$ cat structure_1.cif   # mmCIF, C-alpha atoms
data_model
#
loop_
_atom_site.label_atom_id
_atom_site.label_comp_id
_atom_site.auth_asym_id
_atom_site.auth_seq_id
_atom_site.Cartn_x
_atom_site.Cartn_y
_atom_site.Cartn_z
CA MET T 1 19.78 42.75 -21.41
CA ASN T 2 16.07 42.03 -20.84
CA PRO T 3 14.73 38.64 -19.66
CA PHE T 4 13.67 37.63 -23.19
CA GLN T 5 17.17 38.16 -24.52
CA THR T 6 18.59 36.20 -21.58
CA LEU T 7 16.27 33.27 -22.36
CA ARG T 8 17.12 33.45 -26.06
CA PHE T 9 20.84 33.27 -25.32
CA ALA T 10 20.20 30.45 -22.80
CA PHE T 11 18.31 28.41 -25.38
CA GLY T 12 21.08 29.05 -27.87
CA GLY T 13 23.70 27.84 -25.41
CA LEU T 14 21.80 24.63 -24.74
CA ALA T 15 21.13 24.04 -28.43
CA ALA T 16 24.83 24.31 -29.19
CA ASN T 17 25.41 21.06 -27.25
CA LYS T 18 22.20 19.10 -27.85
CA VAL T 19 23.46 15.67 -26.75
CA ARG T 20 25.06 16.99 -23.56
CA SER T 21 21.94 18.99 -22.67
CA ALA T 22 19.68 16.02 -23.38
CA LEU T 23 21.70 13.74 -21.12
CA THR T 24 21.60 16.30 -18.31
CA MET T 25 17.83 16.70 -18.65
CA LEU T 26 17.52 12.91 -18.65
CA GLY T 27 19.09 12.80 -15.18
CA VAL T 28 16.57 15.32 -13.86
CA LEU T 29 13.74 13.51 -15.68
CA ILE T 30 14.61 10.21 -13.99
CA GLY T 31 14.82 11.86 -10.57
CA VAL T 32 11.45 13.61 -10.82
CA ALA T 33 9.71 10.55 -12.29
CA ALA T 34 11.21 8.36 -9.56
CA VAL T 35 9.91 10.64 -6.79
CA ILE T 36 6.37 10.70 -8.25
CA LEU T 37 6.21 6.97 -9.02
CA LEU T 38 7.77 5.66 -5.81
CA LEU T 39 5.56 7.83 -3.62
CA ALA T 40 2.56 6.76 -5.75
CA VAL T 41 3.47 3.09 -5.20
CA GLY T 42 3.71 3.67 -1.45
CA ASN T 43 0.37 5.47 -1.43
CA GLY T 44 -1.22 2.78 -3.61
CA SER T 45 0.01 0.06 -1.29
CA SER T 46 -1.46 1.91 1.68
CA GLN T 47 -4.80 2.33 -0.08
CA ALA T 48 -4.96 -1.34 -1.06
CA VAL T 49 -4.34 -2.50 2.51
CA LYS T 50 -6.82 0.05 3.87
CA ASP T 51 -9.52 -1.12 1.44
CA SER T 52 -8.89 -4.77 2.35
CA ILE T 53 -9.20 -4.01 6.08
CA GLU T 54 -12.34 -1.91 5.64
CA LYS T 55 -13.96 -4.71 3.62
CA LEU T 56 -13.90 -6.84 6.79
CA GLY T 57 -16.45 -4.49 8.33
CA THR T 58 -16.01 -1.31 10.36
CA ASN T 59 -17.55 -2.77 13.53
CA ALA T 60 -15.91 -6.21 13.41
CA LEU T 61 -13.67 -7.42 16.24
CA THR T 62 -11.41 -10.45 16.05
CA VAL T 63 -10.60 -12.51 19.16
CA SER T 64 -7.58 -14.79 18.82
CA SER T 65 -5.50 -16.91 21.19
CA GLY T 66 -2.22 -15.59 22.57
CA SER T 67 -0.82 -13.17 25.12
CA GLY T 68 -2.35 -9.75 24.81
CA SER T 69 0.66 -8.06 26.42
CA GLY T 70 3.52 -9.87 24.80
CA GLY T 71 4.26 -11.89 27.95
CA SER T 72 3.04 -15.23 29.26
CA ARG T 73 0.69 -15.99 32.05
CA SER T 74 2.13 -16.64 35.46
CA GLY T 75 3.74 -20.04 35.53
CA SER T 76 4.06 -21.37 31.99
CA ALA T 77 2.55 -21.08 28.56
CA SER T 78 0.69 -24.34 29.18
CA ALA T 79 -1.60 -22.44 31.59
CA ALA T 80 -3.08 -20.48 28.67
CA LYS T 81 -6.53 -21.68 27.64
CA PRO T 82 -7.48 -21.94 23.95
CA LEU T 83 -10.62 -20.33 22.58
CA THR T 84 -13.64 -22.61 22.39
CA VAL T 85 -17.20 -22.65 21.07
CA GLU T 86 -18.34 -22.22 24.68
CA ASP T 87 -16.37 -18.94 24.83
CA ALA T 88 -18.25 -17.77 21.76
CA ARG T 89 -21.59 -18.69 23.30
CA ALA T 90 -20.70 -16.74 26.44
CA LEU T 91 -19.92 -13.67 24.34
CA ALA T 92 -23.28 -14.02 22.57
CA ASP T 93 -25.12 -13.63 25.89
CA PRO T 94 -26.79 -10.18 25.73
CA SER T 95 -26.87 -9.84 29.50
CA ALA T 96 -23.07 -10.19 29.71
CA ALA T 97 -22.24 -8.30 26.51
CA PRO T 98 -25.07 -5.94 25.52
CA HIS T 99 -22.98 -4.12 22.89
CA ILE T 100 -22.30 -7.28 20.87
CA GLU T 101 -24.59 -7.94 17.90
CA SER T 102 -23.41 -11.39 16.85
CA VAL T 103 -20.63 -13.91 17.39
CA ALA T 104 -19.10 -16.41 14.96
CA PRO T 105 -16.43 -18.90 16.10
CA GLU T 106 -14.10 -20.01 13.31
CA VAL T 107 -11.89 -22.96 12.50
CA THR T 108 -9.69 -22.74 9.42
CA THR T 109 -7.83 -25.23 7.32
CA SER T 110 -6.69 -25.77 3.73
CA GLN T 111 -8.04 -28.57 1.54
CA THR T 112 -8.05 -29.68 -2.08
CA ALA T 113 -11.35 -29.43 -3.94
CA LEU T 114 -12.21 -31.81 -6.80
CA LEU T 115 -14.84 -31.51 -9.50
CA GLU T 116 -15.00 -33.97 -12.41
CA GLY T 117 -11.25 -34.29 -12.69
CA THR T 118 -10.54 -30.59 -11.97
CA SER T 119 -8.42 -30.06 -8.85
CA HIS T 120 -7.98 -26.83 -6.93
CA THR T 121 -6.22 -26.22 -3.60
CA VAL T 122 -8.47 -23.86 -1.68
CA GLY T 123 -6.53 -21.13 0.10
CA GLN T 124 -8.77 -21.17 3.17
CA VAL T 125 -11.60 -23.43 4.34
CA VAL T 126 -13.59 -21.74 7.11
CA GLY T 127 -15.98 -23.51 9.44
CA THR T 128 -18.26 -21.04 11.17
CA TYR T 129 -21.81 -19.80 11.90
CA PRO T 130 -24.08 -17.75 9.58
CA ALA T 131 -23.24 -14.60 11.60
CA TYR T 132 -19.77 -14.75 10.00
CA PHE T 133 -21.05 -13.39 6.70
CA LYS T 134 -22.48 -10.14 8.08
CA ALA T 135 -19.61 -9.56 10.52
CA SER T 136 -17.00 -10.05 7.79
CA ASN T 137 -18.99 -8.02 5.25
CA SER T 138 -19.19 -11.05 2.93
CA LYS T 139 -22.07 -10.74 0.46
CA VAL T 140 -23.37 -13.41 -1.89
CA ALA T 141 -23.47 -12.82 -5.65
CA LYS T 142 -25.34 -16.05 -6.42
CA GLY T 143 -27.45 -18.39 -4.31
CA ASP T 144 -27.70 -17.83 -0.57
CA TYR T 145 -25.89 -18.30 2.74
CA PHE T 146 -26.20 -21.50 4.73
CA SER T 147 -28.59 -21.28 7.68
CA GLY T 148 -28.60 -21.97 11.40
CA ASP T 149 -30.48 -25.21 10.70
CA ASP T 150 -27.59 -26.29 8.44
CA VAL T 151 -25.24 -25.75 11.39
CA LEU T 152 -27.43 -27.67 13.84
CA ALA T 153 -27.82 -30.56 11.39
CA SER T 154 -24.13 -30.51 10.35
CA ARG T 155 -25.16 -30.44 6.71
CA LYS T 156 -22.45 -30.69 4.05
CA VAL T 157 -23.19 -27.36 2.36
CA ALA T 158 -20.79 -24.57 1.47
CA VAL T 159 -20.57 -21.01 0.24
CA ILE T 160 -17.53 -20.51 -2.01
CA GLY T 161 -15.48 -17.48 -3.00
CA ALA T 162 -15.33 -16.00 -6.49
CA THR T 163 -11.83 -17.37 -7.22
CA THR T 164 -12.74 -20.86 -6.04
CA ALA T 165 -15.89 -20.79 -8.19
CA THR T 166 -13.98 -19.74 -11.30
CA ASP T 167 -11.15 -22.25 -10.86
CA LEU T 168 -13.50 -25.17 -10.22
CA PHE T 169 -16.63 -24.43 -12.24
CA GLY T 170 -15.37 -22.01 -14.89
CA THR T 171 -18.31 -20.05 -16.34
CA ALA T 172 -20.94 -22.52 -15.10
CA ASP T 173 -23.25 -21.63 -12.21
CA PRO T 174 -21.95 -23.55 -9.14
CA VAL T 175 -25.13 -23.18 -7.06
CA GLY T 176 -26.73 -26.56 -6.41
CA LYS T 177 -23.74 -28.52 -7.71
CA LYS T 178 -21.57 -30.86 -5.66
CA MET T 179 -17.80 -30.74 -5.18
CA VAL T 180 -15.51 -32.99 -3.17
CA LEU T 181 -13.52 -31.11 -0.53
CA GLY T 182 -10.77 -33.09 1.17
CA GLY T 183 -12.62 -36.33 0.40
CA THR T 184 -15.99 -35.07 1.69
CA PRO T 185 -18.78 -34.12 -0.74
CA PHE T 186 -20.25 -30.61 -0.30
CA THR T 187 -23.19 -28.98 -2.05
CA VAL T 188 -22.57 -25.38 -3.10
CA VAL T 189 -25.44 -23.17 -1.91
CA GLY T 190 -23.92 -19.77 -2.68
CA VAL T 191 -21.08 -17.83 -4.29
CA LEU T 192 -19.60 -14.81 -2.54
CA ALA T 193 -19.17 -11.49 -4.30
CA ALA T 194 -15.53 -10.78 -5.18
CA LYS T 195 -13.66 -8.70 -2.61
CA GLY T 196 -10.38 -8.39 -4.45
CA GLY T 197 -7.26 -7.14 -2.73
CA THR T 198 -3.49 -7.55 -2.80
CA GLY T 199 -1.17 -9.77 -0.86
CA PHE T 200 -0.06 -13.36 -0.65
CA GLN T 201 -3.53 -14.73 0.17
CA ASP T 202 -6.48 -14.25 -2.17
CA PRO T 203 -9.53 -13.33 -0.04
CA ASP T 204 -11.78 -14.75 -2.78
CA ASP T 205 -10.18 -18.21 -2.68
CA VAL T 206 -12.29 -19.48 0.21
CA VAL T 207 -14.86 -22.09 1.14
CA VAL T 208 -17.18 -21.31 4.07
CA ALA T 209 -19.16 -24.18 5.61
CA PRO T 210 -21.02 -24.92 8.88
CA LEU T 211 -18.67 -25.15 11.86
CA PRO T 212 -19.56 -28.70 13.05
CA THR T 213 -19.30 -30.00 9.48
CA VAL T 214 -15.74 -28.73 9.08
CA GLN T 215 -14.81 -29.88 12.57
CA ASN T 216 -16.17 -33.37 11.91
CA ALA T 217 -14.49 -33.66 8.50
CA PHE T 218 -11.15 -31.90 9.00
CA THR T 219 -10.17 -30.19 12.26
CA GLY T 220 -11.76 -32.13 15.09
CA PHE T 221 -13.91 -30.77 17.92
CA GLY T 222 -11.20 -29.01 19.91
CA SER T 223 -10.40 -25.32 20.11
CA VAL T 224 -11.38 -22.74 17.51
CA SER T 225 -8.92 -20.64 15.50
CA GLN T 226 -10.55 -17.33 16.37
CA ILE T 227 -13.89 -15.71 17.19
CA LEU T 228 -15.32 -13.02 14.95
CA VAL T 229 -17.48 -10.57 16.88
CA GLU T 230 -19.76 -7.91 15.44
CA ALA T 231 -20.45 -4.89 17.61
CA LYS T 232 -23.90 -3.27 17.41
CA SER T 233 -22.33 -0.25 15.69
CA SER T 234 -18.95 1.21 14.86
CA GLU T 235 -19.36 3.56 17.84
CA ALA T 236 -19.92 0.59 20.16
CA THR T 237 -16.68 -1.24 19.31
CA ALA T 238 -14.83 0.10 22.37
CA GLU T 239 -17.60 -1.06 24.73
CA ALA T 240 -17.81 -4.41 22.94
CA GLN T 241 -14.06 -4.88 23.23
CA SER T 242 -14.24 -4.19 26.96
CA GLU T 243 -17.09 -6.69 27.35
CA ILE T 244 -15.15 -9.36 25.43
CA THR T 245 -12.17 -8.88 27.76
CA THR T 246 -14.34 -9.08 30.89
CA VAL T 247 -16.22 -12.21 29.77
CA LEU T 248 -13.15 -14.13 28.61
CA MET T 249 -11.09 -13.19 31.67
CA GLY T 250 -13.88 -14.64 33.81
CA ARG T 251 -14.11 -17.83 31.76
CA HIS T 252 -10.33 -18.32 31.67
CA GLY T 253 -9.84 -17.54 35.36
CA ILE T 254 -7.65 -14.48 34.78
CA LYS T 255 -7.60 -11.63 37.29
CA ASP T 256 -4.77 -9.48 35.88
CA PRO T 257 -5.61 -7.80 32.53
CA ALA T 258 -1.88 -7.55 31.80
CA VAL T 259 -1.51 -11.31 31.41
CA VAL T 260 -4.57 -12.30 29.39
CA ASP T 261 -4.23 -15.31 27.09
CA PHE T 262 -6.18 -13.82 24.17
CA ARG T 263 -6.03 -10.80 21.89
CA VAL T 264 -8.87 -8.57 20.72
CA SER T 265 -8.18 -6.54 17.60
CA SER T 266 -10.42 -4.08 15.77
CA GLN T 267 -10.29 -2.73 12.26
CA GLU T 268 -9.41 0.69 13.69
CA SER T 269 -6.30 -0.68 15.40
CA LEU T 270 -5.30 -2.49 12.22
CA LEU T 271 -5.73 0.71 10.22
CA THR T 272 -3.66 2.68 12.74
CA THR T 273 -0.84 0.13 12.63
CA GLN T 274 -0.98 0.00 8.85
CA ALA T 275 -0.90 3.81 8.55
CA ALA T 276 2.21 4.06 10.74
CA THR T 277 3.96 1.30 8.78
CA ASN T 278 3.04 2.85 5.47
CA LYS T 279 4.28 6.28 6.55
CA THR T 280 7.71 4.82 7.24
CA PHE T 281 7.62 2.90 3.96
CA THR T 282 6.66 6.00 1.96
CA VAL T 283 9.35 8.13 3.60
CA LEU T 284 11.92 5.47 2.73
CA LEU T 285 10.77 5.40 -0.90
CA GLY T 286 10.85 9.19 -1.06
CA ALA T 287 14.40 9.25 0.33
CA VAL T 288 15.54 6.75 -2.29
CA ALA T 289 13.91 8.81 -5.04
CA ALA T 290 15.47 12.04 -3.70
CA ILE T 291 18.90 10.53 -4.29
CA SER T 292 18.06 10.41 -8.01
CA LEU T 293 17.25 14.12 -7.94
CA LEU T 294 20.52 14.81 -6.13
CA VAL T 295 22.44 12.91 -8.79
CA GLY T 296 20.65 14.95 -11.45
CA GLY T 297 21.72 18.16 -9.69
CA ILE T 298 25.35 17.03 -9.57
CA GLY T 299 25.07 16.31 -13.29
CA ILE T 300 23.91 19.89 -13.89
CA THR T 301 26.94 21.22 -11.98
CA ASN T 302 29.36 19.11 -14.02
CA ILE T 303 27.80 20.05 -17.36
CA MET T 304 27.69 23.75 -16.54
CA LEU T 305 31.34 23.72 -15.37
CA VAL T 306 32.33 22.15 -18.69
CA THR T 307 30.20 24.73 -20.51
CA VAL T 308 31.88 27.62 -18.66
CA THR T 309 35.32 26.23 -19.51
CA GLU T 310 34.47 25.84 -23.20
CA ARG T 311 32.99 29.35 -23.43
CA THR T 312 35.68 31.19 -21.46
CA ARG T 313 36.80 33.26 -24.48
CA GLU T 314 33.16 34.15 -25.25
CA ILE T 315 32.74 35.32 -21.65
CA GLY T 316 35.93 37.38 -21.90
CA ILE T 317 34.79 39.09 -25.10
CA ARG T 318 31.38 39.92 -23.67
CA LYS T 319 32.91 41.36 -20.49
CA ALA T 320 35.49 43.29 -22.51
CA ILE T 321 32.77 45.08 -24.48
CA GLY T 322 30.94 46.05 -21.30
CA ALA T 323 28.68 43.14 -20.27
CA PRO T 324 28.10 43.51 -16.53
CA ARG T 325 28.59 40.67 -14.05
CA GLY T 326 24.84 40.27 -13.55
CA VAL T 327 24.24 39.58 -17.24
CA ILE T 328 26.81 36.76 -17.35
CA LEU T 329 25.52 35.34 -14.06
CA GLY T 330 21.91 35.51 -15.28
CA GLN T 331 22.64 33.78 -18.56
CA PHE T 332 24.32 30.73 -17.02
CA LEU T 333 21.73 30.52 -14.24
CA ALA T 334 19.04 30.64 -16.93
CA GLU T 335 20.70 27.76 -18.78
CA SER T 336 20.93 25.54 -15.68
CA THR T 337 17.36 26.41 -14.70
CA LEU T 338 16.09 25.59 -18.20
CA LEU T 339 17.76 22.20 -17.97
CA SER T 340 15.87 21.56 -14.73
CA LEU T 341 12.58 22.99 -16.01
CA ILE T 342 12.52 20.92 -19.17
CA GLY T 343 13.85 17.79 -17.46
CA GLY T 344 11.42 18.25 -14.57
CA GLY T 345 8.46 18.77 -16.89
CA LEU T 346 9.30 15.62 -18.83
CA GLY T 347 9.79 13.78 -15.54
CA VAL T 348 6.31 14.81 -14.36
CA ALA T 349 4.84 13.54 -17.63
CA ALA T 350 6.76 10.24 -17.33
CA GLY T 351 5.67 9.81 -13.71
CA LEU T 352 1.99 10.43 -14.49
CA ILE T 353 2.07 8.06 -17.46
CA GLY T 354 3.86 5.38 -15.42
CA SER T 355 1.25 5.64 -12.65
CA HIS T 356 -1.35 4.16 -15.02
CA PHE T 357 0.45 0.80 -14.94
CA THR T 358 0.43 -1.79 -12.17
CA ILE T 359 3.83 -2.03 -10.47
CA VAL T 360 4.75 -5.20 -8.50
CA GLY T 361 1.06 -5.96 -8.16
CA ILE T 362 0.21 -2.50 -6.81
CA LYS T 363 -1.83 0.15 -8.59
CA PRO T 364 0.00 3.45 -7.95
CA VAL T 365 -2.05 6.33 -6.55
CA VAL T 366 -0.43 9.66 -7.38
CA ILE T 367 -0.08 12.18 -4.56
CA PRO T 368 -0.72 15.65 -6.10
CA GLU T 369 1.68 17.25 -3.63
CA SER T 370 4.47 14.96 -4.83
CA VAL T 371 4.03 16.18 -8.42
CA VAL T 372 4.23 19.84 -7.43
CA GLY T 373 7.00 19.19 -4.91
CA ALA T 374 9.18 17.14 -7.27
CA PHE T 375 8.91 19.74 -10.01
CA ALA T 376 9.63 22.62 -7.61
CA ILE T 377 12.64 20.78 -6.17
CA ALA T 378 13.94 20.18 -9.70
CA VAL T 379 13.81 23.93 -10.41
CA VAL T 380 15.51 24.73 -7.10
CA ILE T 381 18.19 22.15 -7.89
CA GLY T 382 18.82 23.89 -11.22
CA LEU T 383 19.31 27.21 -9.46
CA PHE T 384 21.38 25.77 -6.61
CA PHE T 385 23.68 23.49 -8.56
CA GLY T 386 23.95 25.95 -11.42
CA GLY T 387 24.87 28.76 -9.05
CA TYR T 388 28.54 27.81 -8.61
CA PRO T 389 29.35 27.48 -12.35
CA ALA T 390 27.40 30.68 -13.11
CA ASN T 391 29.21 32.60 -10.38
CA ARG T 392 32.53 31.25 -11.65
CA ALA T 393 31.72 32.46 -15.15
CA ALA T 394 30.66 35.90 -13.91
CA SER T 395 33.83 36.24 -11.80
CA LEU T 396 36.27 35.68 -14.69
CA ARG T 397 38.55 38.64 -15.41
CA PRO T 398 38.28 39.74 -19.05
CA ILE T 399 42.04 39.62 -19.69
CA GLU T 400 42.42 36.07 -18.29
CA ALA T 401 39.34 34.93 -20.22
CA LEU T 402 40.68 36.31 -23.52
CA ARG T 403 44.03 34.54 -22.99
CA HIS T 404 42.26 31.18 -22.43
CA GLU T 405 43.00 28.60 -25.11
#

$ encode --input "structure_1.cif" --output "structure tokens"
Amino acid sequence: MNPFQTLRFAFGGLAANKVRSALTMLGVLIGVAAVILLLAVGNGSSQAVKDSIEKLGTNALTVSSGSGSGGSRSGSASAAKPLTVEDARALADPSAAPHIESVAPEVTTSQTALLEGTSHTVGQVVGTYPAYFKASNSKVAKGDYFSGDDVLASRKVAVIGATTATDLFGTADPVGKKMVLGGTPFTVVGVLAAKGGTGFQDPDDVVVAPLPTVQNAFTGFGSVSQILVEAKSSEATAEAQSEITTVLMGRHGIKDPAVVDFRVSSQESLLTTQAATNKTFTVLLGAVAAISLLVGGIGITNIMLVTVTERTREIGIRKAIGAPRGVILGQFLAESTLLSLIGGGLGVAAGLIGSHFTIVGIKPVVIPESVVGAFAIAVVIGLFFGGYPANRAASLRPIEALRHE
């Protein structure tokens, strides 16, 4: 029997039990689609976080309070010094830190903004210097940034994010208009271009104002939340990070680098951490999806065993008239493989179609290797799990098969 005849008989065998064959293919379809979609969700999540981190600027460094080694300074936690504006000024000294381009101390809070009866709780109010905008890769879409003179004069001006602008002003141009933020009137001088991103905090729901203005109105003139530092280039971030550590250790009276009371993080370190986390996450999703494929393979075994039982007399007749063992084995292997091929092909189509929709707030990004791999595994599953029933059919003795009721 040539391959075309084998396929014709295989199609005939599947067509004889359409509902049963369809249900078996459905199991494979779900498994393949699950592998493609879950891996695409994991990849999409990774890409979204990567884009959000890169939007902060490739040569940005963030200095925040806290133990850099996970321990506390000798004595007690009370010995740790908070970050201050004076620390930021020390870092801006080119003689002490020649690889640093600019420095922007930050204080952050959350306030409610009011405009003619419209109320909006701003996700983040940032008090800082003009250098913040370049270091954080924040560009204006309308108006302009506030200036150094605005900082020195503690003017009540603000640059707002795209979400804040929409929620407060709707389609109107906010530039030049006043809003009341936490009881203090501010004049909007600019609107930031939308950054987008996923997560619990919208990066576009922000109000950025001069540091002394925010301190005077909301936070007080104590420590700062963090210091945003811009290195002269992405290649100079390592040198800048070393200079930050040296300057702050001197200012905070620390001699042992293992017990510093501040942390310096770069976008590269964030990306590395995120990549490792995402790899684990994607592997976990792939393992869960693989279970679906395994279940589909078990379904193929069950269906083919039932098929062999129902067609025992047919097998006996064919062997009695001279059909060799290989022909019987090939036919049933062809049937199980066809179930996997068709189910796998439909699963690939379902997975690719599903990837065009947003899932739990994440836009899936299909991994081409997952499509090829899932389909290939589906075919292998058809051969593997169909092997036992096919071998059982081929091993039947003609006399026993003919006696089967």

$ atom_distance --input "structure_1.cif" --atom1 "CA of Ile377 (chain T)" --atom2 "CA of Leu29 (chain T)"
12.0 Å

$ resolve_selection --input "structure_1.cif" --expression "the PyMOL selection byres ((chain T and resi 176) around 8)" --output "MDAnalysis selection string"
chainID T and resid 174:175 177:178 187:189

$ write_last_selection --input "structure_1.cif" --atoms "C-alpha atoms" --output "PDB file, in the coordinates of the input"
ATOM      1  CA  PRO T 174     -21.950 -23.550  -9.140  1.00  0.00           C
ATOM      2  CA  VAL T 175     -25.130 -23.180  -7.060  1.00  0.00           C
ATOM      3  CA  LYS T 177     -23.740 -28.520  -7.710  1.00  0.00           C
ATOM      4  CA  LYS T 178     -21.570 -30.860  -5.660  1.00  0.00           C
ATOM      5  CA  THR T 187     -23.190 -28.980  -2.050  1.00  0.00           C
ATOM      6  CA  VAL T 188     -22.570 -25.380  -3.100  1.00  0.00           C
ATOM      7  CA  VAL T 189     -25.440 -23.170  -1.910  1.00  0.00           C
TER       8      VAL T 189
END

$ resolve_selection --input "structure_1.cif" --expression "the PyMOL selection byres ((chain T and resi 291) around 12)" --output "PyMOL selection string"
chain T and resi 27-28+30-32+34-35+284-290+292-298

$ closest_residue --input "structure_1.cif" --among "T:Lys81, T:Phe133, T:Pro364, T:Leu115" --to "Gly253 (chain T)" --atoms "only C-alpha atoms"
T:Lys81

$ closest_residue --input "structure_1.cif" --among "T:Phe375, T:Arg397, T:Arg155, T:Tyr388" --to "Ala320 (chain T)" --atoms "all atoms listed in the file"
T:Arg397

$ residues_near_point --input "structure_1.cif" --point "(-30.5, -25.0, 9.2)" --cutoff "12 Å" --atoms "only C-alpha atoms" --output "mmCIF file with C-alpha atoms, in the coordinates of the input"
data_model
loop_
_atom_site.group_PDB
_atom_site.id
_atom_site.type_symbol
_atom_site.label_atom_id
_atom_site.label_comp_id
_atom_site.auth_asym_id
_atom_site.auth_seq_id
_atom_site.Cartn_x
_atom_site.Cartn_y
_atom_site.Cartn_z
ATOM 1 C CA TYR T 129 -21.810 -19.800 11.900
ATOM 2 C CA PRO T 130 -24.080 -17.750 9.580
ATOM 3 C CA TYR T 145 -25.890 -18.300 2.740
ATOM 4 C CA PHE T 146 -26.200 -21.500 4.730
ATOM 5 C CA SER T 147 -28.590 -21.280 7.680
ATOM 6 C CA GLY T 148 -28.600 -21.970 11.400
ATOM 7 C CA ASP T 149 -30.480 -25.210 10.700
ATOM 8 C CA ASP T 150 -27.590 -26.290 8.440
ATOM 9 C CA VAL T 151 -25.240 -25.750 11.390
ATOM 10 C CA LEU T 152 -27.430 -27.670 13.840
ATOM 11 C CA ALA T 153 -27.820 -30.560 11.390
ATOM 12 C CA SER T 154 -24.130 -30.510 10.350
ATOM 13 C CA ARG T 155 -25.160 -30.440 6.710
ATOM 14 C CA LYS T 156 -22.450 -30.690 4.050
ATOM 15 C CA VAL T 157 -23.190 -27.360 2.360
ATOM 16 C CA ALA T 209 -19.160 -24.180 5.610
ATOM 17 C CA PRO T 210 -21.020 -24.920 8.880
#

$ closest_residue --input "structure_1.cif" --among "T:Gly127, T:Gly196, T:Gly344, T:Gly143" --to "Val379 (chain T)" --atoms "all atoms listed in the file"
T:Gly344

$ closest_residue --input "structure_1.cif" --among "T:Thr245, T:Thr118, T:Ser110, T:Ser45" --to "Asp261 (chain T)" --atoms "only C-alpha atoms"
T:Thr245

$ atom_distance --input "structure_1.cif" --atom1 "CA of Thr307 (chain T)" --atom2 "CA of Gly373 (chain T)"
28.5 Å

$ residues_around --input "structure_1.cif" --residues "region 87-90 of chain T" --least-positions-apart "2" --cutoff "8 Å" --atoms "all atoms listed in the file" --output "ChimeraX atom specification"
/T:83-85,92-93,96,103-105,227,247-248,251

$ residues_around --input "structure_1.cif" --residues "region 190-193 of chain T" --least-positions-apart "6" --cutoff "12 Å" --atoms "all atoms listed in the file" --output "short mmCIF file (atom, residue, chain, number, x, y, z; two decimals) with C-alpha atoms, keeping the file's coordinate frame"
data_model
loop_
_atom_site.label_atom_id
_atom_site.label_comp_id
_atom_site.auth_asym_id
_atom_site.auth_seq_id
_atom_site.Cartn_x
_atom_site.Cartn_y
_atom_site.Cartn_z
CA LYS T 55 -13.96 -4.71 3.62
CA PHE T 133 -21.05 -13.39 6.70
CA LYS T 134 -22.48 -10.14 8.08
CA SER T 136 -17.00 -10.05 7.79
CA ASN T 137 -18.99 -8.02 5.25
CA SER T 138 -19.19 -11.05 2.93
CA LYS T 139 -22.07 -10.74 0.46
CA VAL T 140 -23.37 -13.41 -1.89
CA ALA T 141 -23.47 -12.82 -5.65
CA LYS T 142 -25.34 -16.05 -6.42
CA GLY T 143 -27.45 -18.39 -4.31
CA ASP T 144 -27.70 -17.83 -0.57
CA TYR T 145 -25.89 -18.30 2.74
CA PHE T 146 -26.20 -21.50 4.73
CA SER T 147 -28.59 -21.28 7.68
CA VAL T 157 -23.19 -27.36 2.36
CA ALA T 158 -20.79 -24.57 1.47
CA VAL T 159 -20.57 -21.01 0.24
CA ILE T 160 -17.53 -20.51 -2.01
CA GLY T 161 -15.48 -17.48 -3.00
CA ALA T 162 -15.33 -16.00 -6.49
CA THR T 163 -11.83 -17.37 -7.22
CA THR T 164 -12.74 -20.86 -6.04
CA ALA T 165 -15.89 -20.79 -8.19
CA THR T 166 -13.98 -19.74 -11.30
CA PHE T 169 -16.63 -24.43 -12.24
CA ALA T 172 -20.94 -22.52 -15.10
CA ASP T 173 -23.25 -21.63 -12.21
CA PRO T 174 -21.95 -23.55 -9.14
CA VAL T 175 -25.13 -23.18 -7.06
CA GLY T 176 -26.73 -26.56 -6.41
CA LYS T 177 -23.74 -28.52 -7.71
CA LYS T 178 -21.57 -30.86 -5.66
CA PRO T 203 -9.53 -13.33 -0.04
CA ASP T 204 -11.78 -14.75 -2.78
CA ASP T 205 -10.18 -18.21 -2.68
CA VAL T 206 -12.29 -19.48 0.21
CA VAL T 207 -14.86 -22.09 1.14
CA VAL T 208 -17.18 -21.31 4.07
CA ALA T 209 -19.16 -24.18 5.61
#

$ closest_residue --input "structure_1.cif" --among "T:Val125, T:Val306, T:Leu39, T:Leu211" --to "Asn17 (chain T)" --atoms "all atoms listed in the file"
T:Val306
